[in-house]
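Peer 1: The following block contains the structure, expressed as structure tokens.
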Amino acid sequence: MTEPKAEISPKVADLQASLSALDEMPVHERVQVAMLLASCYLEYAAFEMALDQGAEDVSEIIHMAARLDMASRRVSDRAAFAKAAQNLRKM
């Protein structure tokens with residue numbers, strides 16, 4: 001994964017530690033958690049933008065966050081379905 005080009009203070013986030021923690025998770029969990037984290041960051045950004053940005057820009061960020069959240073739920077649902085199907089095959 002590529003790291004953001006903008007400088008991020010270590011006080012805000014240790015991105016490398018977060019990415020390493022994600023790498024230790026099973027793939028389906030890794031994808032879902034990464035998408036949920038991205039959604040949370042986007043929601044936070046939209047809230048902060050609302051103070052001095054136009055409504056169109058803010059709503060676009062909120063929409064992106066919502067789409068990521070929905071996609072994360074689909075990934076989770078598919079993983080749960082695949083696991084249930086695998087368990088049925090074992091019977």
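Ordering of the structure tokens sets the chain letters (A, B, ...), residue numbers begin anew at 1 in every chain, and ligands are numbered from 1 in the order given.
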Which residues come within 12 Å of Glu60 of chain A, counting only C-alpha atoms, excluding same-chain residues fewer than 4 positions away, as a ChimeraX atom specification?
Peer 2: /A:42-43,45-47,49-50,53-56,64-67
Peer 1: Could you tell me how far atom CA of Leu37 of chain A sits from atom CA of Leu19 of chain A, in Å to one decimal place?
Peer 2: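 These two atoms are separated by 11.2 Å.
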Peer 1: In terms of the shortest atom-to-atom distance over only C-alpha atoms, which of A:Met25, A:Ala34, A:Ser20, A:Glu48 is closest to Leu68 of chain A?
Peer 2: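 Closest to Leu68 of chain A, using only C-alpha atoms: A:Ala34.
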Peer 1: Quick check, in Å to one decimal: how far apart do atom CA of Arg78 of chain A and atom CA of Ala38 of chain A lie?
Peer 2: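 Separation between atom CA of Arg78 of chain A and atom CA of Ala38 of chain A: 19.7 Å.
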Peer 1: Could you please determine the separation between atom CA of Leu51 of chain A and atom CA of Leu15 of chain A in Å, to one decimal place?
Peer 2: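 These atoms are spaced 26.3 Å apart.
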Peer 1: Excluding Leu22 of chain A and any residue of its chain fewer than 5 positions from it, enumerate the residues within 9 Å of it, using only C-alpha atoms, and give them as a list in words.
Peer 2: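 Everything that qualifies: Ala17, Val27, Glu29, Arg30, Val31, Val33 and Ala34 of chain A.
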Peer 1: Now that the selection is made, can you save its residues with C-alpha atoms as a PDB file, in the first residue's frame?
Peer 2:
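As written to disk, again-v9.pdb reads:
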```pdb
ATOM      1  CA  ALA A  17       1.714   0.734  12.619  1.00  0.00           C
ATOM      2  CA  VAL A  27      -7.894 -10.799   4.135  1.00  0.00           C
ATOM      3  CA  GLU A  29     -11.288  -8.649   7.814  1.00  0.00           C
ATOM      4  CA  ARG A  30      -8.423  -6.501   6.521  1.00  0.00           C
ATOM      5  CA  VAL A  31     -10.515  -5.190   3.651  1.00  0.00           C
ATOM      6  CA  VAL A  33     -11.590  -2.733   8.579  1.00  0.00           C
ATOM      7  CA  ALA A  34      -9.567  -0.640   6.122  1.00  0.00           C
TER       8      ALA A  34
END
```
Peer 1: Write out as a JSON list (two decimals) with N, CA and C atoms, in the first residue's frame each polymer residue whose atoms come within 10 Å of Arg73 of chain A, counting only C-alpha atoms; drop sequence neighbours fewer than 6 positions from it.
Peer 2:
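The new file part11.json reads:
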```json
[["chain", "number", "residue", "atom", "x", "y", "z"],
["A", 32, "GLN", "N", -12.42, -5.13, 5.14],
["A", 32, "GLN", "CA", -13.54, -4.48, 5.81],
["A", 32, "GLN", "C", -13.07, -3.40, 6.78],
["A", 35, "MET", "N", -11.70, -0.31, 5.00],
["A", 35, "MET", "CA", -12.78, 0.50, 4.43],
["A", 35, "MET", "C", -13.53, 1.26, 5.52],
["A", 36, "LEU", "N", -13.75, 0.62, 6.67],
["A", 36, "LEU", "CA", -14.43, 1.31, 7.77],
["A", 36, "LEU", "C", -13.58, 2.47, 8.30],
["A", 67, "ARG", "N", -20.71, 5.46, 0.89],
["A", 67, "ARG", "CA", -20.48, 4.38, -0.08],
["A", 67, "ARG", "C", -19.43, 3.40, 0.43],
["A", 79, "ALA", "N", -18.37, -12.43, 3.05],
["A", 79, "ALA", "CA", -17.45, -13.28, 3.80],
["A", 79, "ALA", "C", -18.24, -14.21, 4.72]]
```
Peer 1: Under the rule that only C-alpha atoms are counted, which of A:Ser59, A:Ser39, A:Ser18, A:Pro26 is the nearest residue to Ser72 of chain A?
Peer 2: A:Ser39
